[in-house]
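K.L.:
Dropping in run.txt, which is compact mmCIF, C-alpha atoms:
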```txt
# COMPACT_ATOMS: atom_id res chain seq x y z
CA MET A 34 0.00 0.00 0.00
CA LYS A 35 2.84 2.42 0.76
CA THR A 36 4.16 4.39 -2.20
CA ALA A 37 7.56 6.00 -2.07
CA ILE A 38 7.47 9.79 -2.08
CA GLN A 39 10.07 11.17 -4.47
CA THR A 40 9.63 14.95 -4.37
CA LYS A 41 8.55 17.67 -1.95
CA LYS A 42 5.53 18.40 -4.16
CA GLU A 43 4.38 14.77 -3.82
CA ALA A 44 4.97 14.94 -0.08
CA TRP A 45 2.79 18.04 0.30
CA LEU A 46 0.04 16.47 -1.82
CA HIS A 47 0.15 13.41 0.45
CA ALA A 48 -0.06 15.68 3.50
CA VAL A 49 -3.00 17.72 2.15
CA ARG A 50 -4.92 14.49 1.33
CA LEU A 51 -7.17 15.77 -1.43
CA ARG A 52 -9.41 12.70 -1.16
CA THR A 53 -10.73 13.96 2.20
CA LEU A 54 -12.06 17.24 0.78
CA PRO A 55 -15.31 15.89 -0.76
CA LEU A 56 -16.35 14.62 2.66
CA ALA A 57 -15.47 17.94 4.30
CA LEU A 58 -17.66 19.81 1.79
CA ALA A 59 -20.62 17.44 2.08
CA SER A 60 -22.17 19.16 5.11
CA ILE A 61 -21.74 22.61 3.52
CA PHE A 62 -23.48 21.39 0.37
CA ALA A 63 -26.29 19.75 2.38
CA GLY A 64 -26.95 22.84 4.52
CA SER A 65 -26.93 25.01 1.39
CA ILE A 66 -29.31 22.66 -0.43
CA ILE A 67 -31.80 22.94 2.43
CA ALA A 68 -31.33 26.74 2.32
CA GLU A 69 -32.17 26.73 -1.40
CA TYR A 70 -35.25 24.59 -0.71
CA MET A 71 -36.35 27.12 1.94
CA GLU A 72 -35.55 30.01 -0.48
CA VAL A 73 -32.91 31.60 1.76
CA PHE A 74 -29.79 30.52 -0.18
CA ARG A 75 -26.94 33.08 -0.48
CA TRP A 76 -24.01 32.52 -2.84
CA GLU A 77 -21.50 34.44 -0.74
CA ILE A 78 -22.28 32.24 2.28
CA PHE A 79 -21.92 29.07 0.22
CA VAL A 80 -18.55 30.11 -1.26
CA LEU A 81 -17.02 31.40 1.98
CA ALA A 82 -18.30 28.44 4.02
CA SER A 83 -16.76 26.09 1.43
CA PHE A 84 -13.38 27.84 1.56
CA THR A 85 -13.39 27.89 5.37
CA THR A 86 -14.17 24.19 5.48
CA ILE A 87 -11.46 23.32 2.95
CA PHE A 88 -8.87 25.29 4.94
CA LEU A 89 -9.95 23.59 8.17
CA GLN A 90 -9.80 20.13 6.61
CA ILE A 91 -6.33 20.74 5.20
CA LEU A 92 -5.24 22.07 8.61
CA SER A 93 -6.60 18.89 10.22
CA ASN A 94 -4.76 16.70 7.70
CA LEU A 95 -1.46 18.53 8.22
CA ALA A 96 -1.88 18.37 12.00
CA ASN A 97 -2.64 14.67 11.74
CA ASP A 98 0.54 14.06 9.74
CA TYR A 99 2.53 16.11 12.26
CA GLY A 100 0.92 14.66 15.38
CA ASP A 101 1.09 11.01 14.36
CA THR A 102 4.81 11.38 13.68
CA VAL A 103 5.48 13.12 16.99
CA ASN A 104 3.33 10.70 18.99
CA GLY A 105 4.59 7.54 17.32
CA ALA A 106 1.59 6.33 15.30
CA ASP A 107 3.52 6.78 12.04
CA HIS A 108 6.19 4.23 12.88
CA HIS A 109 7.99 2.02 10.35
CA GLU A 110 5.52 -0.87 10.82
CA ARG A 111 2.45 1.23 9.99
CA GLN A 112 0.47 -0.28 7.10
CA GLY A 113 -1.38 2.81 5.88
CA PRO A 114 -0.19 5.21 3.16
CA VAL A 115 3.19 6.77 3.89
CA ARG A 116 3.02 10.19 5.54
CA ALA A 117 4.86 13.33 4.46
CA VAL A 118 6.84 13.92 7.67
CA GLN A 119 7.41 10.19 8.08
CA SER A 120 9.04 10.15 4.62
CA GLY A 121 11.65 12.63 5.81
CA ILE A 122 11.11 14.98 2.85
CA ILE A 123 9.14 17.48 4.92
CA SER A 124 10.55 18.45 8.30
CA LEU A 125 8.52 18.88 11.48
CA ALA A 126 9.31 22.62 11.39
CA GLU A 127 8.03 22.95 7.81
CA MET A 128 4.85 21.07 8.68
CA LYS A 129 4.29 23.26 11.71
CA THR A 130 4.67 26.39 9.54
CA ALA A 131 2.09 25.01 7.09
CA MET A 132 -0.26 24.35 10.01
CA TYR A 133 0.06 27.99 11.14
CA LEU A 134 -0.62 29.14 7.57
CA PHE A 135 -3.83 27.15 7.20
CA GLY A 136 -4.88 28.04 10.73
CA VAL A 137 -4.66 31.74 9.79
CA LEU A 138 -6.42 31.14 6.46
CA SER A 139 -9.23 29.29 8.28
CA LEU A 140 -9.63 32.15 10.74
CA LEU A 141 -9.60 34.89 8.09
CA SER A 142 -12.03 33.04 5.84
CA GLY A 143 -14.30 32.36 8.82
CA LEU A 144 -14.25 36.03 9.88
CA LEU A 145 -15.15 37.09 6.34
CA LEU A 146 -17.98 34.54 6.35
CA LEU A 147 -19.35 35.99 9.59
CA PHE A 148 -19.00 39.55 8.26
CA PHE A 149 -21.39 38.72 5.42
CA ALA A 150 -23.67 36.39 7.40
CA VAL A 151 -24.48 38.04 10.72
CA GLN A 152 -25.44 41.51 11.89
CA SER A 153 -25.64 40.74 15.61
CA TRP A 154 -22.56 40.87 17.85
CA THR A 155 -24.03 38.04 19.92
CA LEU A 156 -24.26 35.76 16.89
CA PHE A 157 -20.82 36.92 15.74
CA PHE A 158 -19.17 35.84 18.98
CA VAL A 159 -21.16 32.58 19.14
CA PHE A 160 -20.00 31.56 15.67
CA LEU A 161 -16.50 32.89 16.31
CA GLY A 162 -16.36 30.57 19.31
CA LEU A 163 -17.53 27.66 17.16
CA GLY A 164 -14.92 28.56 14.54
CA LEU A 165 -12.11 28.67 17.09
CA ALA A 166 -13.36 25.35 18.48
CA SER A 167 -13.16 23.93 14.94
CA ILE A 168 -9.56 25.11 14.60
CA TRP A 169 -8.71 23.63 18.01
CA ALA A 170 -10.40 20.34 17.07
CA ALA A 171 -8.52 20.20 13.76
CA ILE A 172 -5.15 20.68 15.47
CA SER A 173 -5.71 18.68 18.66
CA TYR A 174 -6.96 15.46 17.06
CA THR A 175 -3.47 13.95 17.03
CA SER A 176 -1.30 16.94 18.05
CA GLY A 177 -0.48 18.43 21.42
CA SER A 178 0.29 16.86 24.78
CA LYS A 179 -3.11 15.12 25.06
CA PRO A 180 -4.49 14.50 21.54
CA TYR A 181 -8.13 13.46 21.86
CA GLY A 182 -7.90 11.15 18.82
CA TYR A 183 -5.62 8.92 20.88
CA LEU A 184 -8.36 8.59 23.50
CA GLY A 185 -10.99 7.35 21.03
CA LEU A 186 -12.89 10.66 20.99
CA GLY A 187 -12.39 11.38 17.29
CA ASP A 188 -15.74 9.83 16.40
CA ILE A 189 -17.62 12.36 18.53
CA SER A 190 -15.69 15.27 17.01
CA VAL A 191 -16.29 14.09 13.43
CA PHE A 192 -19.98 13.44 14.13
CA LEU A 193 -20.43 16.98 15.46
CA PHE A 194 -18.28 19.04 13.08
CA PHE A 195 -18.83 17.08 9.85
CA GLY A 196 -22.47 16.37 10.63
CA LEU A 197 -24.69 18.29 13.02
CA LEU A 198 -22.77 21.57 13.30
CA GLY A 199 -21.75 21.53 9.63
CA VAL A 200 -25.30 21.19 8.28
CA ILE A 201 -27.23 23.15 10.91
CA GLY A 202 -24.58 25.90 11.08
CA THR A 203 -24.44 26.31 7.29
CA TYR A 204 -28.22 26.55 7.03
CA PHE A 205 -28.31 29.05 9.90
CA LEU A 206 -25.69 31.29 8.25
CA HIS A 207 -27.79 31.34 5.07
CA SER A 208 -31.06 32.12 6.83
CA ILE A 209 -30.14 33.46 10.30
CA ASN A 210 -32.84 31.09 11.44
CA PHE A 211 -32.92 27.64 12.98
CA ASP A 212 -34.77 24.85 11.17
CA ALA A 213 -35.33 21.66 13.18
CA HIS A 214 -35.64 19.54 10.01
CA SER A 215 -31.97 20.16 9.21
CA ILE A 216 -31.06 18.12 12.30
CA TRP A 217 -32.04 14.93 10.43
CA ILE A 218 -29.61 15.63 7.60
CA GLY A 219 -26.96 16.69 10.11
CA LEU A 220 -27.39 13.31 11.77
CA SER A 221 -27.12 11.48 8.43
CA LEU A 222 -23.87 13.19 7.49
CA GLY A 223 -22.55 12.79 11.02
CA PHE A 224 -23.07 9.04 10.79
CA PHE A 225 -21.57 8.76 7.29
CA SER A 226 -18.55 10.92 8.18
CA THR A 227 -17.94 8.82 11.29
CA THR A 228 -18.09 5.76 9.04
CA VAL A 229 -15.14 7.15 7.05
CA LEU A 230 -13.14 7.67 10.25
CA ASN A 231 -14.07 4.21 11.48
CA ILE A 232 -12.86 2.59 8.24
CA ASN A 233 -9.61 4.54 8.63
CA ASN A 234 -9.24 3.27 12.20
CA ILE A 235 -10.06 -0.33 11.21
CA ARG A 236 -7.31 -0.10 8.59
CA ASP A 237 -4.79 1.18 11.17
CA ILE A 238 -5.91 -1.00 14.09
CA GLU A 239 -2.64 -2.93 14.43
CA SER A 240 -0.29 0.07 14.15
CA ASP A 241 -2.54 2.13 16.46
CA GLN A 242 -2.40 -0.61 19.08
CA LYS A 243 1.40 -0.50 19.01
CA ALA A 244 1.42 3.30 19.25
CA GLY A 245 -1.06 3.38 22.14
CA LYS A 246 -3.72 5.12 20.06
CA LYS A 247 -7.00 3.97 21.60
CA SER A 248 -9.36 4.44 18.65
CA ILE A 249 -12.80 2.82 18.83
CA PRO A 250 -11.67 -0.26 16.81
CA VAL A 251 -8.66 -0.65 19.12
CA ARG A 252 -10.95 -0.46 22.16
CA ILE A 253 -13.67 -2.84 20.95
CA GLY A 254 -11.79 -5.06 18.47
CA ARG A 255 -12.12 -5.47 14.71
CA LYS A 256 -15.23 -7.69 14.75
CA ALA A 257 -17.24 -5.23 16.87
CA ALA A 258 -15.85 -2.30 14.83
CA VAL A 259 -17.29 -3.86 11.66
CA ILE A 260 -20.70 -4.13 13.37
CA TYR A 261 -20.32 -0.50 14.48
CA ASN A 262 -19.62 0.36 10.83
CA TRP A 263 -22.93 -1.21 9.75
CA VAL A 264 -24.79 0.64 12.53
CA LEU A 265 -23.40 3.97 11.33
CA ILE A 266 -24.40 3.37 7.70
CA ILE A 267 -27.90 2.19 8.57
CA ALA A 268 -28.41 5.04 11.08
CA GLY A 269 -27.56 7.52 8.31
CA TYR A 270 -30.41 6.22 6.17
CA ILE A 271 -32.85 6.06 9.08
CA SER A 272 -32.10 9.75 9.70
CA LEU A 273 -32.77 10.49 6.01
CA LEU A 274 -36.13 8.74 6.37
CA GLY A 275 -36.82 10.96 9.39
CA PHE A 276 -36.26 14.03 7.21
CA CYS A 277 -38.52 12.70 4.44
CA ILE A 278 -41.34 11.99 6.90
CA SER A 279 -41.01 15.20 8.94
CA THR A 280 -40.93 17.46 5.87
CA ASN A 281 -43.14 15.34 3.60
CA SER A 282 -40.39 15.85 0.97
CA TRP A 283 -40.35 12.35 -0.45
CA GLY A 284 -38.25 13.36 -3.45
CA SER A 285 -35.25 13.69 -1.12
CA CYS A 286 -35.43 9.93 -0.62
CA LEU A 287 -33.66 9.76 -3.99
CA ALA A 288 -30.54 9.62 -1.80
CA PHE A 289 -31.47 6.01 -1.05
CA VAL A 290 -30.09 5.25 -4.53
CA ALA A 291 -26.62 5.51 -2.94
CA PHE A 292 -27.41 2.73 -0.46
CA PRO A 293 -26.18 -0.18 -2.65
CA LEU A 294 -22.81 1.56 -2.98
CA MET A 295 -22.49 2.07 0.76
CA PHE A 296 -23.70 -1.49 1.38
CA LYS A 297 -20.93 -2.75 -0.92
CA ILE A 298 -18.40 -0.63 0.97
CA GLY A 299 -19.62 -2.13 4.24
CA MET A 300 -19.24 -5.62 2.79
CA ASN A 301 -15.73 -4.82 1.54
CA VAL A 302 -14.67 -3.60 4.98
CA ALA A 303 -16.18 -6.65 6.66
CA SER A 304 -14.43 -9.09 4.33
CA ALA A 305 -11.06 -7.28 4.10
CA LYS A 306 -8.16 -9.40 5.31
CA SER A 307 -5.53 -6.65 5.41
CA SER A 308 -4.96 -2.91 5.66
CA GLU A 309 -4.30 -2.88 1.91
CA GLU A 310 -7.77 -4.28 1.20
CA THR A 311 -9.44 -1.90 3.66
CA ASP A 312 -7.78 1.34 2.48
CA PRO A 313 -9.60 1.88 -0.88
CA ASN A 314 -12.94 1.96 0.95
CA LEU A 315 -11.98 5.24 2.64
CA LYS A 316 -12.08 7.15 -0.63
CA LYS A 317 -15.15 5.24 -1.80
CA MET A 318 -17.09 6.09 1.37
CA ALA A 319 -16.09 9.77 1.17
CA LEU A 320 -17.19 9.99 -2.47
CA GLY A 321 -20.28 7.90 -1.68
CA THR A 322 -21.26 10.47 0.96
CA LEU A 323 -20.85 13.31 -1.55
CA LEU A 324 -22.95 11.34 -4.06
CA TRP A 325 -25.57 10.90 -1.33
CA VAL A 326 -25.69 14.69 -0.84
CA ILE A 327 -26.00 15.33 -4.60
CA LEU A 328 -28.86 12.82 -4.90
CA PHE A 329 -30.51 14.35 -1.81
CA GLY A 330 -30.29 17.79 -3.42
CA ILE A 331 -31.67 16.66 -6.77
CA GLY A 332 -34.55 14.90 -5.07
CA LEU A 333 -35.35 17.74 -2.69
CA LEU A 334 -35.14 20.56 -5.24
CA PHE A 335 -36.43 18.97 -8.45
CA LEU A 336 -38.71 16.01 -7.59
```
Translate the structure of the given file into structure tokens.

P.N.:
Amino acid sequence: MKTAIQTKKEAWLHAVRLRTLPLALASIFAGSIIAEYMEVFRWEIFVLASFTTIFLQILSNLANDYGDTVNGADHHERQGPVRAVQSGIISLAEMKTAMYLFGVLSLLSGLLLLFFAVQSWTLFFVFLGLGLASIWAAISYTSGSKPYGYLGLGDISVFLFFGLLGVIGTYFLHSINFDAHSIWIGLSLGFFSTTVLNINNIRDIESDQKAGKKSIPVRIGRKAAVIYNWVLIIAGYISLLGFCISTNSWGSCLAFVAFPLMFKIGMNVASAKSSEETDPNLKKMALGTLLWVILFGIGLLFL
């Protein structure tokens, strides 16, 4: 599975992890789709929220590369894709500088988003607090003296930031209004995003055990982690059904068309015998989640 990194450009591309960006954008797209359905969509909010999310995701990826090297998860026996700092082409100091850069970009983009979105100082400081919490969560997942990813708390963070807060917050910034129906879609994307993290942790279960990283699969074992994976996928579709029923928007159930793909991914993860066999399902689940959002949007807006 590991591919040798030859140049600094390749190393940075590995560190940025472009394949994670579709998943990061899924909640922004979903919240914006609901805003369009409710006729409160604003292009400037959509664009700035997308940029802020991309910067935060890249920051998280860089911090993960940095933190796993410092804390020992990226050791020579690790079976996942080779990391940029682990390769030796990018130094810890260079990675730290890149983290500062994307931290600043995230903050500036977020402030610009709030400038266009809110007129109340109370709302400004509430969302500023959420933004700073997002930056902290991105950095502290595997970095710092007590990275919460090493305690098995990454699932909760992903569920909140990639699901509930991502969808509900995006819709709120469009409309400056809370819509309870958006919770259902926030739950769906929270479950699907956590599925991606869980597949990642199933892939790395052996190396994480050696590094003392207590992810959910490490804590409960591979067999139970596969069951957990099925629960997450199914819960995502139950939440979608909740949205369809509560809004009487049955066209949005078009997203169920993505279920066979996610079912196949679940089967692949369950039957995988090695990290190499598990790894491709990460990208497939991330793209499957984006496909789910696109189908949801087509069904909600046009059917």

K.L.:
Go through A:Lys247, A:Arg52, A:His214, A:Lys129 one by one, measure the shortest atom-to-atom distance of each to Tyr181 in chain A using only C-alpha atoms, and give the residue with the smallest value.

P.N.:
A:Lys247

K.L.:
Between A:Thr228, A:Ser139, A:Thr86, A:Asn94, which is the closest to Asn262 in chain A once you count all atoms listed in the file?

P.N.:
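With all atoms listed in the file as the atom set, the closest residue is A:Thr228.
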
K.L.:
Looking at A:Ile216, A:Leu92, A:Leu184, A:Ile271, which one is nearest to Gly196 in chain A, with distances taken over only C-alpha atoms?

P.N.:
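Looking only at the distances to Gly196 in chain A, the closest residue turns out to be A:Ile216.
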
K.L.:
CA of Glu43 in chain A and CA of Ala57 in chain A are how many Å apart?

P.N.:
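Between these atoms lies a distance of 21.7 Å.
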
K.L.:
Using only C-alpha atoms, which protein or nucleic acid residues come within 8 Å of Phe211 in chain A? Drop anything in the same chain fewer than 5 positions from it, and give the result as an NGL selection string.

P.N.:
:A and (201 or 204-205)
